[in-house]
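Participant: Pasting input.cif below, which is mmCIF, C-alpha atoms (C1' of nucleotides).
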data_entry
#
loop_
_atom_site.label_atom_id
_atom_site.label_comp_id
_atom_site.auth_asym_id
_atom_site.auth_seq_id
_atom_site.Cartn_x
_atom_site.Cartn_y
_atom_site.Cartn_z
CA MET A 1369 257.73 48.59 8.06
CA LYS A 1370 259.64 51.39 6.39
CA ARG A 1371 262.13 53.56 8.24
CA MET A 1372 260.53 56.47 9.98
CA HIS A 1373 261.94 59.24 7.82
CA GLU A 1374 260.50 57.55 4.72
CA CYS A 1375 257.09 57.44 6.40
CA LEU A 1376 257.35 61.10 7.23
CA ASP A 1377 258.34 62.01 3.69
CA HIS A 1378 255.51 59.94 2.27
CA MET A 1379 253.06 61.63 4.65
CA ASP A 1380 254.28 65.11 3.69
CA GLU A 1381 253.97 64.33 0.00
CA GLY A 1382 250.49 62.84 0.38
CA ILE A 1383 249.14 65.73 2.40
CA GLY A 1384 250.78 68.14 -0.03
CA ARG A 1385 248.99 66.55 -2.98
CA VAL A 1386 245.66 66.57 -1.15
CA SER A 1387 246.04 70.24 -0.30
CA GLU A 1388 246.24 71.03 -4.01
CA ASN A 1389 242.63 69.87 -4.34
CA PHE A 1390 241.56 71.56 -1.10
CA PRO A 1391 243.01 75.07 -0.98
CA GLU A 1392 241.34 75.78 2.36
CA LEU A 1393 243.03 72.77 3.99
CA PRO A 1394 245.01 73.84 7.08
CA LEU A 1395 248.23 72.23 5.96
CA GLN A 1396 250.37 72.78 9.02
CA GLU A 1397 247.66 71.59 11.40
CA VAL A 1398 246.87 68.48 9.39
CA VAL A 1399 250.54 67.58 9.40
CA LEU A 1400 250.73 68.14 13.16
CA THR A 1401 247.65 65.98 13.71
CA ARG A 1402 249.10 63.12 11.69
CA LEU A 1403 252.44 63.52 13.47
CA LEU A 1404 250.77 63.29 16.86
CA LEU A 1405 248.78 60.23 15.84
CA LEU A 1406 251.91 58.63 14.42
CA VAL A 1407 254.11 59.36 17.42
CA GLY A 1408 251.39 58.38 19.88
CA GLY A 1409 250.78 55.10 18.11
CA THR A 1410 254.45 54.22 17.76
CA LEU A 1411 255.13 55.08 21.39
CA LEU A 1412 252.22 52.89 22.46
CA SER A 1413 253.33 49.82 20.55
CA GLU A 1414 256.90 50.30 21.73
CA LEU A 1415 255.71 50.47 25.35
CA GLU A 1416 253.49 47.43 24.99
CA ARG A 1417 256.35 45.50 23.47
CA HIS A 1418 258.13 45.87 26.81
CA LEU A 1419 255.04 45.13 28.90
CA LYS A 1420 253.87 42.04 27.04
CA PRO A 1421 256.46 39.68 28.62
CA HIS A 1422 254.87 40.53 31.98
CA GLY A 1423 251.37 39.76 30.70
CA LEU A 1424 250.20 43.36 30.77
CA ASN A 1425 249.19 45.89 28.14
CA ASP A 1426 249.32 49.65 28.54
CA SER A 1427 245.84 49.94 30.04
CA ASP A 1428 246.54 47.26 32.59
CA PHE A 1429 249.88 48.80 33.42
CA ARG A 1430 248.58 52.35 33.63
CA THR A 1431 245.80 51.17 35.93
CA LEU A 1432 248.25 49.31 38.12
CA MET A 1433 250.46 52.39 38.27
CA MET A 1434 247.51 54.59 39.21
CA ILE A 1435 246.65 52.31 42.11
CA TYR A 1436 250.33 52.07 43.04
CA SER A 1437 250.76 55.83 43.01
CA SER A 1438 247.60 56.55 44.95
CA PRO A 1439 248.43 57.76 48.47
CA THR A 1440 246.39 54.91 49.99
CA GLY A 1441 247.52 52.22 47.56
CA SER A 1442 243.92 51.65 46.52
CA ALA A 1443 241.23 53.08 44.25
CA THR A 1444 237.75 52.41 42.92
CA PRO A 1445 237.04 51.53 39.28
CA THR A 1446 235.02 54.69 38.69
CA GLU A 1447 237.84 56.83 40.02
CA LEU A 1448 240.29 55.05 37.75
CA CYS A 1449 238.01 55.45 34.73
CA GLU A 1450 237.74 59.19 35.20
CA TYR A 1451 241.44 59.77 34.92
CA ALA A 1452 242.44 56.96 32.61
CA GLN A 1453 240.20 57.68 29.62
CA GLN A 1454 238.62 54.26 29.96
CA GLY A 1455 235.06 53.02 29.94
CA ALA A 1456 233.67 51.19 32.95
CA THR A 1457 233.30 48.06 30.85
CA ASN A 1458 236.97 47.89 30.11
CA MET A 1459 237.89 48.69 33.68
CA THR A 1460 236.00 45.57 34.75
CA ARG A 1461 238.15 43.55 32.39
CA ILE A 1462 241.34 45.22 33.60
CA ALA A 1463 240.41 44.58 37.23
CA ASN A 1464 239.80 40.93 36.35
CA VAL A 1465 243.25 40.69 34.81
CA LEU A 1466 245.02 42.38 37.72
CA VAL A 1467 243.11 40.39 40.35
CA LYS A 1468 243.71 37.13 38.53
CA ALA A 1469 247.43 37.91 38.39
CA GLY A 1470 247.39 38.59 42.12
CA LEU A 1471 248.56 42.19 41.66
CA VAL A 1472 245.52 43.81 43.30
CA THR A 1473 242.69 42.69 45.56
CA ARG A 1474 239.02 43.42 44.94
CA ALA A 1475 236.84 44.17 47.94
CA THR A 1476 233.42 45.78 48.31
CA SER A 1477 233.46 49.05 50.20
CA ALA A 1478 231.97 49.04 53.69
CA GLU A 1479 230.44 52.54 53.49
CA ASP A 1480 228.92 52.13 50.05
CA ARG A 1481 228.27 48.55 49.10
CA ARG A 1482 227.94 49.39 45.39
CA ARG A 1483 231.60 50.29 45.39
CA ILE A 1484 234.58 48.09 44.71
CA VAL A 1485 237.94 48.93 46.19
CA LEU A 1486 241.01 47.75 44.32
CA THR A 1487 244.11 47.58 46.49
CA ILE A 1488 247.61 46.83 45.34
CA THR A 1489 249.25 43.72 46.82
CA THR A 1490 252.85 43.07 47.77
CA ALA A 1491 253.22 41.13 44.52
CA GLY A 1492 251.80 44.13 42.66
CA LYS A 1493 254.37 46.47 44.19
CA ARG A 1494 257.11 43.96 43.47
CA LEU A 1495 256.08 43.80 39.81
CA VAL A 1496 256.13 47.59 39.52
CA ARG A 1497 259.67 47.62 40.94
CA LYS A 1498 260.62 44.98 38.41
CA ILE A 1499 259.00 46.54 35.34
CA LEU A 1500 259.73 50.23 35.78
CA PRO A 1501 263.54 50.57 35.84
CA PRO A 1502 264.18 48.70 32.54
CA LEU A 1503 261.77 51.13 30.91
CA PHE A 1504 263.79 54.19 31.83
CA PRO A 1505 266.51 53.94 29.16
CA ASN A 1506 263.88 53.73 26.41
CA VAL A 1507 261.83 56.57 27.80
CA HIS A 1508 264.97 58.62 28.00
CA GLY A 1509 266.03 57.60 24.52
CA ALA A 1510 262.79 58.73 22.92
CA PHE A 1511 263.72 62.31 23.81
CA ALA A 1512 267.48 61.95 23.71
CA SER A 1513 267.98 64.37 20.83
CA LEU A 1514 265.97 67.13 22.52
CA SER A 1515 267.63 69.83 24.59
CA ALA A 1516 266.35 70.68 28.05
CA THR A 1517 264.63 73.71 26.59
CA ASP A 1518 263.11 71.63 23.81
CA LYS A 1519 261.62 69.25 26.36
CA ARG A 1520 260.09 72.05 28.39
CA THR A 1521 258.68 73.55 25.20
CA LEU A 1522 257.26 70.23 24.05
CA ASP A 1523 255.65 69.74 27.45
CA ARG A 1524 254.04 73.17 27.27
CA LEU A 1525 252.79 72.75 23.70
CA LEU A 1526 251.37 69.27 24.29
CA ARG A 1527 249.43 70.51 27.30
CA GLN A 1528 248.03 73.33 25.21
CA VAL A 1529 246.94 70.93 22.49
CA ALA A 1530 245.39 68.61 25.09
CA VAL A 1531 243.33 71.46 26.50
CA ASN A 1532 242.34 72.69 23.04
CA ILE A 1533 241.05 69.28 21.99
CA ASP A 1534 239.22 68.95 25.27
CA SER A 1535 237.39 72.23 24.83
CA LEU A 1536 236.45 71.19 21.28
CA THR A 1537 234.78 68.00 22.49
CA GLN A 1538 233.28 69.52 25.64
CA GLN A 1539 231.64 72.15 23.48
CA ASP A 1540 230.20 69.58 21.09
CA ALA A 1541 228.93 67.55 24.05
CA ARG A 1542 226.60 70.32 25.21
CA PRO A 1543 222.95 69.62 24.34
CA MET B 467 235.32 61.81 31.93
CA LYS B 468 237.03 64.57 33.89
CA ARG B 469 238.07 67.84 32.33
CA MET B 470 241.47 67.70 30.73
CA HIS B 471 243.30 69.94 33.16
CA GLU B 472 242.20 67.70 36.04
CA CYS B 473 243.58 64.68 34.20
CA LEU B 474 246.86 66.47 33.66
CA ASP B 475 247.10 67.46 37.31
CA HIS B 476 246.30 63.93 38.41
CA MET B 477 248.95 62.57 36.07
CA ASP B 478 251.58 65.00 37.33
CA GLU B 479 250.83 64.13 40.94
CA GLY B 480 250.88 60.40 40.29
CA ILE B 481 254.19 60.49 38.42
CA GLY B 482 255.60 62.76 41.12
CA ARG B 483 254.73 60.26 43.82
CA VAL B 484 256.19 57.37 41.84
CA SER B 485 259.42 59.27 41.30
CA GLU B 486 259.88 59.50 45.07
CA ASN B 487 260.27 55.72 45.13
CA PHE B 488 262.41 55.67 41.98
CA PRO B 489 265.03 58.43 42.20
CA GLU B 490 266.53 57.43 38.86
CA LEU B 491 263.16 57.88 37.09
CA PRO B 492 263.49 60.37 34.19
CA LEU B 493 260.64 62.56 35.34
CA GLN B 494 260.43 64.96 32.43
CA GLU B 495 260.59 62.20 29.85
CA VAL B 496 257.97 60.07 31.57
CA VAL B 497 255.64 63.05 31.67
CA LEU B 498 256.28 63.74 27.98
CA THR B 499 255.59 60.09 27.12
CA ARG B 500 252.30 60.11 28.97
CA LEU B 501 251.38 63.45 27.40
CA LEU B 502 252.04 62.09 23.93
CA LEU B 503 250.00 58.96 24.61
CA LEU B 504 247.20 61.05 26.05
CA VAL B 505 247.10 63.58 23.23
CA GLY B 506 247.45 60.90 20.57
CA GLY B 507 244.62 58.88 22.04
CA THR B 508 242.30 61.82 22.49
CA LEU B 509 242.98 63.07 19.00
CA LEU B 510 242.24 59.62 17.60
CA SER B 511 238.89 59.24 19.32
CA GLU B 512 237.93 62.78 18.37
CA LEU B 513 238.75 62.04 14.73
CA GLU B 514 236.88 58.75 14.73
CA ARG B 515 233.86 60.45 16.26
CA HIS B 516 233.65 62.49 13.05
CA LEU B 517 234.34 59.55 10.75
CA LYS B 518 231.91 57.07 12.29
CA PRO B 519 228.78 58.60 10.68
CA HIS B 520 230.37 57.78 7.33
CA GLY B 521 231.03 54.17 8.35
CA LEU B 522 234.82 54.57 8.50
CA ASN B 523 237.39 54.44 11.25
CA ASP B 524 240.77 56.13 11.17
CA SER B 525 242.54 53.19 9.51
CA ASP B 526 239.94 52.95 6.80
CA PHE B 527 240.01 56.70 6.27
CA ARG B 528 243.79 56.95 6.25
CA THR B 529 243.97 54.12 3.73
CA LEU B 530 241.36 55.78 1.54
CA MET B 531 243.29 59.05 1.74
CA MET B 532 246.53 57.33 0.81
CA ILE B 533 244.95 55.86 -2.29
CA TYR B 534 243.26 59.18 -3.05
CA SER B 535 246.51 61.09 -2.71
CA SER B 536 248.56 58.65 -4.75
CA PRO B 537 249.50 60.17 -8.12
CA THR B 538 247.81 57.29 -9.96
CA GLY B 539 244.78 57.03 -7.67
CA SER B 540 245.66 53.44 -6.88
CA ALA B 541 247.97 51.40 -4.66
CA THR B 542 248.72 47.85 -3.58
CA PRO B 543 248.01 46.57 -0.05
CA THR B 544 251.70 45.95 0.69
CA GLU B 545 252.57 49.49 -0.34
CA LEU B 546 249.84 50.84 1.91
CA CYS B 547 251.00 48.67 4.82
CA GLU B 548 254.51 49.98 4.66
CA TYR B 549 253.53 53.57 5.18
CA ALA B 550 250.44 53.17 7.30
CA GLN B 551 251.87 51.17 10.22
CA GLN B 552 249.43 48.39 9.53
CA GLY B 553 249.74 44.64 9.27
CA ALA B 554 248.79 42.86 6.08
CA THR B 555 245.97 41.11 7.91
CA ASN B 556 244.31 44.34 8.81
CA MET B 557 244.83 45.75 5.34
CA THR B 558 242.79 42.87 3.97
CA ARG B 559 239.97 43.83 6.29
CA ILE B 560 240.25 47.50 5.35
CA ALA B 561 240.22 46.66 1.65
CA ASN B 562 237.10 44.56 2.22
CA VAL B 563 235.39 47.50 3.91
CA LEU B 564 236.35 50.01 1.23
CA VAL B 565 235.44 47.68 -1.64
CA LYS B 566 232.13 46.76 -0.04
CA ALA B 567 231.32 50.46 0.36
CA GLY B 568 232.14 51.00 -3.31
CA LEU B 569 234.93 53.46 -2.52
CA VAL B 570 237.71 51.48 -4.19
CA THR B 571 237.97 48.62 -6.67
CA ARG B 572 240.09 45.52 -6.19
CA ALA B 573 241.81 44.08 -9.26
CA THR B 574 244.65 41.62 -9.69
CA SER B 575 247.71 43.10 -11.32
CA ALA B 576 248.48 41.99 -14.87
CA GLU B 577 252.30 42.04 -14.49
CA ASP B 578 252.38 40.19 -11.17
CA ARG B 579 249.37 38.05 -10.49
CA ARG B 580 250.11 37.86 -6.75
CA ARG B 581 249.40 41.54 -6.51
CA ILE B 582 246.15 43.33 -5.86
CA VAL B 583 245.62 46.87 -7.09
CA LEU B 584 243.21 49.03 -5.16
CA THR B 585 241.88 51.97 -7.16
CA ILE B 586 239.70 54.77 -5.88
CA THR B 587 236.29 55.12 -7.50
CA THR B 588 234.26 58.21 -8.30
CA ALA B 589 232.20 57.51 -5.19
CA GLY B 590 235.43 57.30 -3.19
CA LYS B 591 236.58 60.68 -4.41
CA ARG B 592 233.15 62.11 -3.75
CA LEU B 593 233.23 60.82 -0.16
CA VAL B 594 236.64 62.39 0.41
CA ARG B 595 235.32 65.73 -0.83
CA LYS B 596 232.39 65.33 1.55
CA ILE B 597 234.32 64.24 4.64
CA LEU B 598 237.40 66.44 4.54
CA PRO B 599 236.15 70.05 4.68
CA PRO B 600 234.03 69.62 7.85
CA LEU B 601 237.15 68.28 9.55
CA PHE B 602 239.15 71.44 8.97
CA PRO B 603 237.68 73.59 11.75
CA ASN B 604 238.42 70.90 14.33
CA VAL B 605 241.93 70.30 13.07
CA HIS B 606 242.50 74.00 13.18
CA GLY B 607 240.97 74.28 16.63
CA ALA B 608 243.25 71.66 18.13
CA PHE B 609 246.17 74.02 17.57
CA ALA B 610 244.30 77.31 17.83
CA SER B 611 246.16 78.51 20.91
CA LEU B 612 249.58 77.93 19.34
CA SER B 613 251.45 80.69 17.57
CA ALA B 614 252.92 80.14 14.12
CA THR B 615 256.33 79.69 15.73
CA ASP B 616 254.92 77.23 18.27
CA LYS B 617 253.48 75.13 15.46
CA ARG B 618 256.77 75.04 13.59
CA THR B 619 258.56 74.09 16.80
CA LEU B 620 256.05 71.37 17.62
CA ASP B 621 256.43 69.97 14.12
CA ARG B 622 260.20 69.89 14.48
CA LEU B 623 260.16 68.28 17.93
CA LEU B 624 257.60 65.63 17.01
CA ARG B 625 259.67 64.60 14.01
CA GLN B 626 262.71 64.30 16.23
CA VAL B 627 260.82 62.12 18.70
CA ALA B 628 259.47 59.99 15.86
CA VAL B 629 262.99 59.37 14.57
CA ASN B 630 264.34 58.70 18.07
CA ILE B 631 261.71 56.06 18.78
CA ASP B 632 262.33 54.52 15.40
CA SER B 633 266.03 54.14 16.02
CA LEU B 634 265.30 52.60 19.42
CA THR B 635 263.16 49.87 17.88
CA GLN B 636 265.34 49.36 14.79
CA GLN B 637 268.29 48.79 17.08
CA ASP B 638 266.42 46.22 19.19
CA ALA B 639 265.25 44.49 16.02
CA ARG B 640 268.79 43.61 14.93
CA PRO B 641 269.60 39.93 15.51
"C1'" DC C 1032 208.88 56.27 54.24
"C1'" DC C 1033 208.28 54.83 49.70
"C1'" DT C 1034 208.84 55.57 45.04
"C1'" DA C 1035 211.88 57.43 41.43
"C1'" DA C 1036 216.22 58.73 39.95
"C1'" DT C 1037 221.08 58.09 40.27
"C1'" DT C 1038 225.32 55.64 40.81
"C1'" DA C 1039 228.52 51.52 40.55
"C1'" DC C 1040 229.67 47.78 38.45
"C1'" DT C 1041 228.86 43.65 35.33
"C1'" DT C 1042 227.39 41.04 31.21
"C1'" DC C 1043 226.67 40.54 26.38
"C1'" DA C 1044 227.36 41.20 21.61
"C1'" DC C 1045 230.05 43.46 18.45
"C1'" DT C 1046 234.11 45.94 16.04
"C1'" DG C 1047 239.17 46.48 15.47
"C1'" DG C 1048 243.64 44.73 15.22
"C1'" DC C 1049 247.42 41.14 15.57
"C1'" DG C 1050 250.28 36.80 14.91
"C1'" DA C 1051 250.57 32.28 12.85
"C1'" DA C 1052 249.47 29.28 9.38
"C1'" DC C 1053 247.98 28.73 4.55
"C1'" DT C 1054 247.67 29.38 -0.80
"C1'" DA C 1055 249.26 31.13 -4.93
"C1'" DT C 1056 252.63 33.27 -7.68
"C1'" DT C 1057 257.25 34.78 -8.87
"C1'" DC C 1058 262.27 34.80 -8.32
"C1'" DT C 1059 266.74 32.31 -7.66
"C1'" DT C 1060 269.90 28.82 -8.04
"C1'" DT C 1061 271.92 25.18 -9.97
"C1'" DA D 80 263.90 23.32 -16.19
"C1'" DA D 81 263.13 21.72 -11.43
"C1'" DA D 82 263.58 22.71 -6.45
"C1'" DG D 83 263.77 25.89 -3.03
"C1'" DA D 84 263.32 30.59 -1.32
"C1'" DA D 85 260.83 34.72 -1.29
"C1'" DT D 86 256.70 37.61 -1.83
"C1'" DA D 87 251.51 38.87 -1.85
"C1'" DG D 88 247.50 38.26 0.00
"C1'" DT D 89 243.91 35.68 2.78
"C1'" DT D 90 241.96 32.93 6.64
"C1'" DC D 91 241.65 31.71 11.39
"C1'" DG D 92 241.70 32.28 16.23
"C1'" DC D 93 242.72 35.33 19.82
"C1'" DC D 94 243.00 39.76 22.79
"C1'" DA D 95 241.41 44.71 23.54
"C1'" DG D 96 237.88 48.00 23.80
"C1'" DT D 97 232.95 49.84 23.27
"C1'" DG D 98 227.84 50.65 23.67
"C1'" DA D 99 223.60 49.02 25.36
"C1'" DA D 100 221.18 46.66 28.63
"C1'" DG D 101 220.99 44.50 33.26
"C1'" DT D 102 221.55 44.22 38.55
"C1'" DA D 103 222.25 45.99 42.98
"C1'" DA D 104 222.81 49.73 46.29
"C1'" DT D 105 222.13 54.52 47.49
"C1'" DT D 106 220.12 59.14 47.33
"C1'" DA D 107 216.36 62.50 46.43
"C1'" DG D 108 211.43 64.06 46.17
"C1'" DG D 109 206.83 64.05 47.39
#
In structure tokens, what does this structure look like?
Facilitator:
Amino acid sequence: MKRMHECLDHMDEGIGRVSENFPELPLQEVVLTRLLLLVGGTLLSELERHLKPHGLNDSDFRTLMMIYSSPTGSATPTELCEYAQQGATNMTRIANVLVKAGLVTRATSAEDRRRIVLTITTAGKRLVRKILPPLFPNVHGAFASLSATDKRTLDRLLRQVAVNIDSLTQQDARP
Amino acid sequence: MKRMHECLDHMDEGIGRVSENFPELPLQEVVLTRLLLLVGGTLLSELERHLKPHGLNDSDFRTLMMIYSSPTGSATPTELCEYAQQGATNMTRIANVLVKAGLVTRATSAEDRRRIVLTITTAGKRLVRKILPPLFPNVHGAFASLSATDKRTLDRLLRQVAVNIDSLTQQDARP
DNA sequence: CCTAATTACTTCACTGGCGAACTATTCTTT
DNA sequence: AAAGAATAGTTCGCCAGTGAAGTAATTAGG
């Protein structure tokens, strides 16, 4: 793959040429969209590169972390789906992976026997303690060139964009 | 799925609890990473929701746009791979899709017979003219709550992050 | 209460993307 | 000019994720 700045230049040029044919094209916003997709995608593959040696991908890891960080150390698939932008189907697969690796246990709830309760095991906690710290330097490095103010600003703007997109889709979802 | 602000709250709480066990965890940066992954992912599925009726996904569409926006209206798979963060394998599949849909033609280069030249057709250009404009309101809406200054700032910060991540991976890639 | 609707999870079939191995062509080296 | 290295693209087999349909348990309505 090319160096990043070449990709960015190429993207700018391409969008610039397209906008000549589409005068009403919102140039700045299209660039921002592509930037977000690019950064999101690159960040994801970089993260998964570090997780792969442990046999996990980002979904598996995020799910494990959600169970780990739950006050009770356990959660139900539906609960996890709601906050993890995942379908129930995929959560079944993730649970299979985590259970098979001995990181969580799967038990049917006593109160509601439709429900499954996933609970993190000692091995699961141990793996989290093993995986997390080596990730920190990279996470830090991704934002190394940003000032403290920059980071706060980026946080604020990303949350705004997240909410904006959400209200776009929620609106479309109404019958 | 939950409303976005609930997801964000849940994420903040979860990361907060994890950071209690890991005092050296770079809190701000972890939050920014998750925000970027979240926004990138949401943006992607929102975009593909609009593309699906036309039988394209984001990769297909981005490839078509890259050919469309090339000065000559054509490009080789390798060239496209370099700028589109795609493997050659997947580019073969994308080319198959686009050729089958009659949006581009596939011809072997005369100078170098290893090379394939993908050229956009009239139907391809027509589809671009049909797909693009309806996308504009959504693209605009995703950033509607941001001021002009905010958008310039976001652009600047995202480019910095992109370059930072790139130098992280480039560095690791050295033997 | 007993049927109907809802909820929770699973299974199946399919699309999307990746790495490794393969074929064909061109470049390099001697 | 022949052998080896490099490049371009494809094929194959695998993992990840989705939508639709299925099963089981619970809740709601008459």
Participant: Between A:Val1467, A:Leu1400, A:Val1407, A:Met1379, which is the closest to Thr619 of chain B once you count all atoms listed in the file?
Facilitator: A:Leu1400
Participant: Based on all atoms listed in the file, which of the residues in chain A come within 7 Å of chain D? I want them as a ChimeraX atom specification.
Facilitator: /A:1458,1481-1482
Participant: May I have the residues of chain C within 10 Å of chain A, counting all atoms listed in the file, written as a list in words?
Facilitator: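 The answer, sorted by residue number, is DT1038, DA1039, DC1040, DT1041 and DT1042 of chain C.
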Participant: Have a look at atom CA of Lys617 of chain B and atom CA of Gln1396 of chain A and let me know their distance in Å, one decimal.
Facilitator: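 Taking atom CA of Lys617 of chain B and atom CA of Gln1396 of chain A, their separation equals 7.5 Å.
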Participant: Which residue gives the smallest distance to chain A among B:Leu530, B:Cys547, B:Leu517, B:Ile597, with all atoms listed in the file counted?
Facilitator: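 Residue with the minimum atom-to-atom distance to chain A: B:Cys547.
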Participant: Edge lengths and centre in Å to one decimal, as lines of an AutoDock Vina configuration file, is what I'm after for the box along x, y and z that holds all listed atoms of segment 624-636 of chain B once 5 Å is added on each side.
Facilitator:
center_x = 261.8
center_y = 57.5
center_z = 16.7
size_x = 18.4
size_y = 26.3
size_z = 15.4
Participant: Could you check how far atom CA of Gln1528 of chain A sits from atom CA of Ala608 of chain B, in Å to one decimal?
Facilitator: 8.7 Å
Participant: Expressed in Å to a single decimal, how great is the separation between atom CA of Asp1534 of chain A and atom CA of Cys1375 of chain A?
Facilitator: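 Rounded to one decimal, the two atoms are 28.4 Å apart.
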Participant: When distances are computed from all atoms listed in the file, which of A:Leu1503, A:Leu1424, A:Val1472, A:Val1386 shows the smallest separation from chain B?
Facilitator: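 Going through A:Leu1503, A:Leu1424, A:Val1472, A:Val1386 one by one, the smallest distance to chain B is for A:Val1386.
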Participant: Nearest to chain B among A:Ser1477, A:Asn1425, A:Thr1517, A:Ser1438, with distances taken over only C-alpha atoms: which residue is it?
Facilitator: A:Ser1438
